[in-house]
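Source file: coords21.cif. Holds: mmCIF, C-alpha atoms and all ligand atoms.
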```cif
data_work
#
loop_
_atom_site.label_atom_id
_atom_site.label_comp_id
_atom_site.auth_asym_id
_atom_site.auth_seq_id
_atom_site.Cartn_x
_atom_site.Cartn_y
_atom_site.Cartn_z
CA PRO A 9 97.15 84.99 107.42
CA LEU A 10 95.68 88.32 108.43
CA GLU A 11 92.60 87.57 110.55
CA GLU A 12 92.13 90.63 112.68
CA ILE A 13 94.21 93.62 113.65
CA ARG A 14 95.57 92.74 117.09
CA GLU A 15 98.05 95.53 117.68
CA SER A 16 98.35 98.25 115.11
CA VAL A 17 98.66 99.57 111.60
CA GLU A 18 101.84 101.56 111.35
CA LEU A 19 103.48 103.86 108.83
CA LYS A 20 107.22 104.13 109.39
CA GLU A 21 109.00 107.02 107.71
CA VAL A 22 106.91 106.58 104.60
CA SER A 23 107.62 108.64 101.50
CA PHE A 24 106.05 108.32 98.09
CA GLU A 25 106.10 109.90 94.65
CA TYR A 26 103.86 109.04 91.70
CA GLU A 27 106.37 110.69 89.38
CA VAL A 28 110.12 110.73 89.93
CA GLY A 29 111.22 113.94 91.64
CA ARG A 30 107.73 115.01 92.74
CA PRO A 31 107.27 113.79 96.33
CA ILE A 32 103.64 113.55 97.46
CA ILE A 33 104.09 111.84 100.85
CA LYS A 34 107.05 113.11 102.82
CA ASP A 35 108.46 111.01 105.65
CA ILE A 36 105.20 110.26 107.48
CA SER A 37 105.18 108.06 110.59
CA LEU A 38 101.99 107.23 112.45
CA ARG A 39 100.47 104.39 114.44
CA VAL A 40 96.84 103.34 114.39
CA LYS A 41 96.04 101.21 117.43
CA ALA A 42 93.83 98.15 117.01
CA GLY A 43 90.17 98.89 117.70
CA GLN A 44 90.60 102.64 117.50
CA MET A 45 89.30 105.18 115.05
CA PHE A 46 92.14 107.19 113.58
CA GLY A 47 91.27 110.38 111.72
CA ILE A 48 93.33 111.95 108.97
CA VAL A 49 92.53 115.56 108.17
CA GLY A 50 93.89 117.79 105.44
CA LYS A 51 93.08 120.05 102.54
CA THR A 52 92.41 118.81 99.04
CA GLY A 53 95.60 117.54 97.44
CA ALA A 54 97.37 117.08 100.80
CA GLY A 55 97.98 113.37 100.12
CA LYS A 56 95.26 111.72 102.23
CA SER A 57 93.93 109.31 99.60
CA THR A 58 97.49 108.52 98.56
CA ILE A 59 98.13 107.18 102.07
CA ILE A 60 95.16 104.84 101.58
CA HIS A 61 96.53 103.71 98.21
CA LEU A 62 99.77 102.82 99.99
CA ILE A 63 98.09 100.87 102.82
CA SER A 64 95.97 98.90 100.32
CA ARG A 65 99.05 98.39 98.10
CA LEU A 66 97.70 100.01 94.99
CA TYR A 67 101.18 101.56 95.16
CA ASP A 68 104.21 100.78 97.30
CA PRO A 69 106.10 103.47 99.23
CA THR A 70 109.22 104.89 97.63
CA ASN A 71 110.79 104.82 101.09
CA GLY A 72 109.83 103.49 104.50
CA GLU A 73 107.40 100.72 105.35
CA ILE A 74 103.81 99.99 106.29
CA LEU A 75 103.23 97.36 108.96
CA ILE A 76 100.10 95.56 110.10
CA ASP A 77 100.75 93.94 113.47
CA GLY A 78 104.44 94.31 112.72
CA VAL A 79 104.26 92.56 109.34
CA ASN A 80 105.19 94.56 106.25
CA VAL A 81 102.13 94.74 103.99
CA LYS A 82 104.40 93.60 101.13
CA GLU A 83 104.60 90.22 102.90
CA ILE A 84 100.83 89.89 103.20
CA LYS A 85 99.13 87.97 100.39
CA ASN A 86 97.01 90.12 98.07
CA HIS A 87 94.10 87.83 98.72
CA ASP A 88 94.33 88.45 102.49
CA LEU A 89 94.64 92.21 102.09
CA ARG A 90 91.63 92.29 99.80
CA LYS A 91 89.61 90.25 102.25
CA HIS A 92 90.48 92.18 105.39
CA VAL A 93 90.96 95.78 104.28
CA GLY A 94 87.68 97.45 103.36
CA ILE A 95 87.63 100.83 101.64
CA VAL A 96 84.60 103.06 101.41
CA SER A 97 85.16 105.90 98.98
CA GLN A 98 83.93 107.46 95.76
CA GLU A 99 87.13 106.32 94.09
CA THR A 100 86.78 102.71 95.19
CA TYR A 101 88.37 100.22 92.89
CA LEU A 102 85.71 98.81 90.57
CA PHE A 103 86.65 96.28 87.94
CA VAL A 104 84.99 95.54 84.61
CA GLY A 105 82.28 93.09 85.54
CA THR A 106 78.75 92.92 86.85
CA ILE A 107 77.46 94.99 89.73
CA ALA A 108 76.97 91.77 91.73
CA ASP A 109 80.56 90.61 91.18
CA ASN A 110 81.86 94.02 92.18
CA ILE A 111 79.91 93.82 95.44
CA ARG A 112 81.24 90.34 96.23
CA TYR A 113 84.79 91.27 95.20
CA ALA A 114 86.23 90.39 98.62
CA ASN A 115 83.86 87.44 99.17
CA PRO A 116 83.44 85.65 95.82
CA ASP A 117 81.42 82.84 97.40
CA SER A 118 78.55 85.07 98.51
CA THR A 119 75.10 84.14 97.29
CA MET A 120 72.90 86.52 95.29
CA ASP A 121 70.64 86.88 98.34
CA GLN A 122 73.59 88.07 100.43
CA VAL A 123 74.63 90.51 97.71
CA ILE A 124 71.15 92.02 97.54
CA GLU A 125 70.88 92.20 101.31
CA ALA A 126 74.17 94.13 101.50
CA ALA A 127 73.10 96.43 98.65
CA LYS A 128 69.85 97.21 100.45
CA ALA A 129 71.67 98.00 103.69
CA ALA A 130 73.95 100.38 101.75
CA TYR A 131 71.00 102.10 99.98
CA ALA A 132 72.43 100.93 96.66
CA HIS A 133 69.58 98.57 95.75
CA GLU A 134 67.33 101.43 94.55
CA PHE A 135 69.72 102.65 91.84
CA ILE A 136 70.90 99.14 90.92
CA ILE A 137 67.44 97.85 90.01
CA LYS A 138 67.00 100.83 87.67
CA LEU A 139 70.08 99.83 85.64
CA PRO A 140 69.53 98.00 82.31
CA ASP A 141 70.33 94.55 83.70
CA ALA A 142 70.05 95.36 87.41
CA TYR A 143 72.64 93.28 89.31
CA ASP A 144 73.93 91.77 86.04
CA THR A 145 74.76 95.17 84.53
CA ILE A 146 78.38 95.40 83.44
CA ILE A 147 80.19 98.41 84.89
CA GLY A 148 83.67 99.80 84.29
CA ALA A 149 85.49 100.54 81.05
CA GLY A 150 83.00 100.23 78.18
CA GLY A 151 80.17 99.40 80.56
CA VAL A 152 77.70 101.58 82.40
CA GLY A 153 79.24 104.51 84.24
CA LEU A 154 78.34 105.32 87.85
CA SER A 155 78.24 108.61 89.72
CA GLY A 156 80.51 109.27 92.67
CA GLY A 157 77.64 108.71 95.11
CA GLU A 158 76.68 105.45 93.42
CA ARG A 159 80.26 104.21 93.52
CA GLN A 160 80.41 105.09 97.18
CA ARG A 161 77.22 103.16 97.94
CA LEU A 162 78.60 100.19 96.02
CA SER A 163 81.74 100.34 98.14
CA ILE A 164 79.61 100.36 101.30
CA ALA A 165 77.68 97.30 100.08
CA ARG A 166 80.98 95.58 99.41
CA ALA A 167 82.27 96.43 102.88
CA ILE A 168 79.03 95.29 104.56
CA LEU A 169 79.45 91.89 102.91
CA GLN A 170 83.15 91.87 103.68
CA LYS A 171 83.14 92.75 107.41
CA PRO A 172 86.74 93.98 107.18
CA SER A 173 89.18 94.06 110.10
CA LEU A 174 90.53 97.40 108.87
CA LEU A 175 87.90 99.79 107.57
CA ILE A 176 89.06 102.83 105.64
CA LEU A 177 86.60 105.66 105.09
CA ASP A 178 87.63 108.26 102.53
CA GLU A 179 85.09 111.00 102.97
CA ALA A 180 83.37 112.43 99.95
CA THR A 181 79.68 112.82 100.66
CA SER A 182 79.60 116.30 99.14
CA ALA A 183 78.22 114.93 95.87
CA MET A 184 75.09 113.72 97.61
CA ASP A 185 71.85 115.30 98.70
CA THR A 186 71.41 115.54 102.45
CA GLN A 187 68.77 112.81 102.72
CA THR A 188 70.92 110.25 100.93
CA GLU A 189 73.90 111.42 102.93
CA ARG A 190 72.09 110.79 106.21
CA LYS A 191 71.10 107.27 105.19
CA ILE A 192 74.63 106.54 104.08
CA GLN A 193 75.99 107.84 107.35
CA GLU A 194 73.72 105.41 109.21
CA ALA A 195 74.96 102.50 107.08
CA ILE A 196 78.56 103.54 107.71
CA ASP A 197 78.00 103.85 111.47
CA GLU A 198 76.75 100.27 111.55
CA LEU A 199 79.71 99.11 109.49
CA LYS A 200 82.17 100.61 111.98
CA GLU A 201 81.23 98.14 114.75
CA GLY A 202 84.19 95.99 115.70
CA CYS A 203 86.61 97.44 113.12
CA THR A 204 89.87 99.30 113.36
CA ILE A 205 89.10 102.45 111.42
CA ILE A 206 91.03 105.03 109.45
CA ALA A 207 88.75 107.90 108.51
CA ILE A 208 89.67 110.74 106.18
CA ALA A 209 88.05 114.16 106.12
CA HIS A 210 88.69 117.73 105.12
CA ARG A 211 87.58 119.10 108.45
CA LEU A 212 88.24 118.13 112.07
CA SER A 213 84.54 118.53 112.94
CA THR A 214 83.65 115.55 110.73
CA LEU A 215 85.86 113.29 112.85
CA ARG A 216 84.32 113.90 116.24
CA ASP A 217 84.46 110.19 117.11
CA ALA A 218 88.14 109.75 116.32
CA ASP A 219 90.41 108.58 119.14
CA GLN A 220 93.50 109.97 117.45
CA LEU A 221 93.92 112.53 114.68
CA ALA A 222 96.66 113.40 112.25
CA VAL A 223 96.76 116.62 110.28
CA ILE A 224 98.41 116.28 106.88
CA GLU A 225 99.60 119.27 104.90
CA ASP A 226 101.43 119.15 101.59
CA GLY A 227 102.37 115.49 102.16
CA LYS A 228 103.77 116.07 105.63
CA LEU A 229 102.45 115.18 109.07
CA LEU A 230 101.78 118.57 110.62
CA GLU A 231 100.49 117.48 114.03
CA GLN A 232 98.98 114.49 115.78
CA GLY A 233 96.94 113.95 118.92
CA THR A 234 93.46 113.71 120.38
CA HIS A 235 90.73 116.32 119.86
CA GLU A 236 91.68 117.88 123.17
CA GLU A 237 95.31 118.14 122.20
CA LEU A 238 94.70 119.68 118.78
P1 LIG B 301 91.24 115.28 98.29
O1 LIG B 301 90.91 115.84 99.62
O2 LIG B 301 90.92 116.24 97.18
O3 LIG B 301 90.70 113.93 98.05
P2 LIG B 301 93.84 114.13 98.88
O4 LIG B 301 94.43 114.68 100.14
O5 LIG B 301 93.18 112.82 98.95
O6 LIG B 301 92.87 115.23 98.24
P3 LIG B 301 95.57 112.87 96.97
O7 LIG B 301 94.53 112.30 96.09
O8 LIG B 301 96.31 111.95 97.85
O9 LIG B 301 95.02 114.10 97.80
O10 LIG B 301 96.60 113.60 96.01
C1 LIG B 301 97.80 114.18 96.50
C2 LIG B 301 98.60 114.73 95.33
O11 LIG B 301 99.00 113.63 94.51
C3 LIG B 301 97.88 115.71 94.41
O12 LIG B 301 98.77 116.74 94.08
C4 LIG B 301 97.53 114.88 93.20
O13 LIG B 301 97.53 115.68 92.05
C5 LIG B 301 98.66 113.88 93.15
N1 LIG B 301 98.20 112.60 92.56
C6 LIG B 301 97.19 111.84 92.98
N2 LIG B 301 97.05 110.71 92.25
C7 LIG B 301 98.03 110.78 91.32
C8 LIG B 301 98.44 109.92 90.24
N3 LIG B 301 97.82 108.77 90.01
N4 LIG B 301 99.50 110.32 89.49
C9 LIG B 301 100.13 111.48 89.74
N5 LIG B 301 99.81 112.33 90.73
C10 LIG B 301 98.78 111.99 91.51
MG MG B 302 91.24 112.13 98.45
#
```

For this file, write the structure as structure tokens.
Ligand code: ATP
Ligand code: MG
Amino acid sequence: PLEEIRESVELKEVSFEYEVGRPIIKDISLRVKAGQMFGIVGKTGAGKSTIIHLISRLYDPTNGEILIDGVNVKEIKNHDLRKHVGIVSQETYLFVGTIADNIRYANPDSTMDQVIEAAKAAYAHEFIIKLPDAYDTIIGAGGVGLSGGERQRLSIARAILQKPSLLILDEATSAMDTQTERKIQEAIDELKEGCTIIAIAHRLSTLRDADQLAVIEDGKLLEQGTHEEL
């Protein structure tokens, strides 16, 4: 089973299309070394989030393969992927269920105290206790809807509880006021400790801490290197 990332997360000649004949990811190869922070930069619609969907197996590549420590993600049990790959984003997968169950998605055995502790650390507790049934509020289809910023904070709470080996950060703090954004950034910085990280942003300046960077344009890998090289 997947315990930690020892070597790398690798995309090998990966292509993908949501609809037949409309390629979105075009022959991308890249290697994220264990323990590093790898930044992916590109304009809106470039295909950045799609790459994350492929790594987390929401979709499988049309061509090529994705390897974690040399093992094709298709061979890794769903349960293991869910446990070890943490995604922080405004589009994080939320299922129909209570807020509490959504936070302990990757760690179903967590106690209510642990759930609340994680929510507090992610600055999600404040909005959760204002919901009709607080942590027991049902979200998702038919349930209470959440804003992008609230979804993002929920995903941070989930990741704090999860302590993933691979942490994926899909930037979208634009929907938030600056004070909330700063708090969230602090929570994220703490979360990063000890993880292999893939961080997505629109601008290079947001990824100052990245060890390696890839620039994606129109589904293609335009260039790759360190800050100095780019
Ligand atoms: P942003 O910076 O705005 O988040 P992105 O780089 O993450 O953009 P993606 O979400 O990966 O971009 O989308 C890449 C392309 O794939 C876009 O043209 C988008 O319309 C298309 N796309 C995304 N999701 C789907 C889907 N479920 N079905 C069909 N096309 C999709
Ligand atoms: Mg995106």

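Residue nearest A:Glu237, chosen from A:Ala167, A:Ala127, A:Ala207, A:Asp219 and counting all atoms listed in the file: A:Asp219.
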
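Restricting the atom set to all atoms listed in the file, one finds that the residues within 9 Å of ligand MG 302 (chain B) amount to Thr52, Gly53, Ala54, Gly55, Lys56, Ser57, Thr58, Ile60, Ser97, Glu99, Asp178, Glu179, Ala180, Ile208 and Ala209 of chain A.
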
Using only C-alpha atoms, the best pick from A:Ile196, A:Gln98, A:Ile136, A:Thr204 as closest to A:Gly157 would be A:Gln98

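Nearest residue to A:Asp144, choosing from A:Gly50, A:Pro172, A:Pro31, A:Gly105 and counting only C-alpha atoms: A:Gly105.
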
Å distance separating atom CA of A:Lys41 from atom CA of A:Leu89, one decimal place:
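Taking atom CA of A:Lys41 and atom CA of A:Leu89, their separation equals 17.8 Å.
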
(message) List as a list in words the protein and nucleic acid residues near A:Arg166, meaning an atom at most 10 Å away when only C-alpha atoms are counted, but skip any in the same chain fewer than 6 places from it.
(response) Gly94, Ile95, Val96, Ala108, Asp109, Asn110, Ile111, Arg112, Tyr113, Ala114, Asn115, Val123, Ala126, Ala127, Ala130, Gln160 and Pro172 of chain A

Contacts of stretch 167-210 of chain A with stretch 62-85 of chain A up to 12 Å, shortest pair per row, all atoms listed in the file, as JSON lines:
```
{"residue": "A:Ser173", "atom": "CA", "partner": "A:Ile76", "partner_atom": "CA", "distance": 11.0}
{"residue": "A:Leu174", "atom": "CA", "partner": "A:Ile76", "partner_atom": "CA", "distance": 9.8}
{"residue": "A:Leu175", "atom": "CA", "partner": "A:Ser64", "partner_atom": "CA", "distance": 10.9}
{"residue": "A:Ile176", "atom": "CA", "partner": "A:Ser64", "partner_atom": "CA", "distance": 9.6}
{"residue": "A:Thr204", "atom": "CA", "partner": "A:Ile76", "partner_atom": "CA", "distance": 11.4}
{"residue": "A:Ile206", "atom": "CA", "partner": "A:Ile63", "partner_atom": "CA", "distance": 10.5}
```

Students should find that atom CA of A:Thr188 and atom CA of A:His235 are spaced 28.1 Å

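The two atoms in question, atom CA of A:Ile224 and atom CA of A:Gln170, are spaced 29.0 Å apart.
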
A:Asp226, A:Glu18, A:Glu236, A:Glu201 ranked by distance to ligand LIG 301 (chain B), top pick (using only C-alpha atoms and all ligand atoms):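 Selected residue with least distance to ligand LIG 301 (chain B): A:Asp226.
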
Between A:Glu225, A:Glu189, A:Asp121, A:Glu158, smallest distance to ligand LIG 301 (chain B) by all atoms listed in the file belongs to A:Glu225

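Of the listed residues (A:Glu25, A:Arg90, A:Ile164, A:Arg216), A:Arg90 comes nearest to A:Pro116; the distances count all atoms listed in the file.
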
For A:Leu221: contacts at 7 Å, all atoms listed in the file, fewer than 2 positions along chain excluded, given as a ChimeraX atom specification = /A:46-48,218-219,223,232-234

Practice prompt. With a distance cut-off of 9 Å and all atoms listed in the file, select the neighbouring residues of A:Ile192, excluding the residue or stretch itself and same-chain residues fewer than 5 positions from it, and output the selection as a list in words.
Written response: Ala130, Tyr131, Arg161, Ile164, Thr181, Gln187 and Asp197 of chain A

Report task. Counting all atoms listed in the file, write as a ChimeraX atom specification all protein and nucleic acid residues lying at most 12 Å from (80.7, 102.5, 84.5) in the file's frame. Result -> /A:101-107,110,139,145-156,158-159,162

Output C-alpha atoms for every residue in that selection, as a compact mmCIF listing (two decimals), keeping the file's coordinate frame.
```txt
# COMPACT_ATOMS: atom_id res chain seq x y z
CA TYR A 101 88.37 100.22 92.89
CA LEU A 102 85.71 98.81 90.57
CA PHE A 103 86.65 96.28 87.94
CA VAL A 104 84.99 95.54 84.61
CA GLY A 105 82.28 93.09 85.54
CA THR A 106 78.75 92.92 86.85
CA ILE A 107 77.46 94.99 89.73
CA ASN A 110 81.86 94.02 92.18
CA LEU A 139 70.08 99.83 85.64
CA THR A 145 74.76 95.17 84.53
CA ILE A 146 78.38 95.40 83.44
CA ILE A 147 80.19 98.41 84.89
CA GLY A 148 83.67 99.80 84.29
CA ALA A 149 85.49 100.54 81.05
CA GLY A 150 83.00 100.23 78.18
CA GLY A 151 80.17 99.40 80.56
CA VAL A 152 77.70 101.58 82.40
CA GLY A 153 79.24 104.51 84.24
CA LEU A 154 78.34 105.32 87.85
CA SER A 155 78.24 108.61 89.72
CA GLY A 156 80.51 109.27 92.67
CA GLU A 158 76.68 105.45 93.42
CA ARG A 159 80.26 104.21 93.52
CA LEU A 162 78.60 100.19 96.02
```
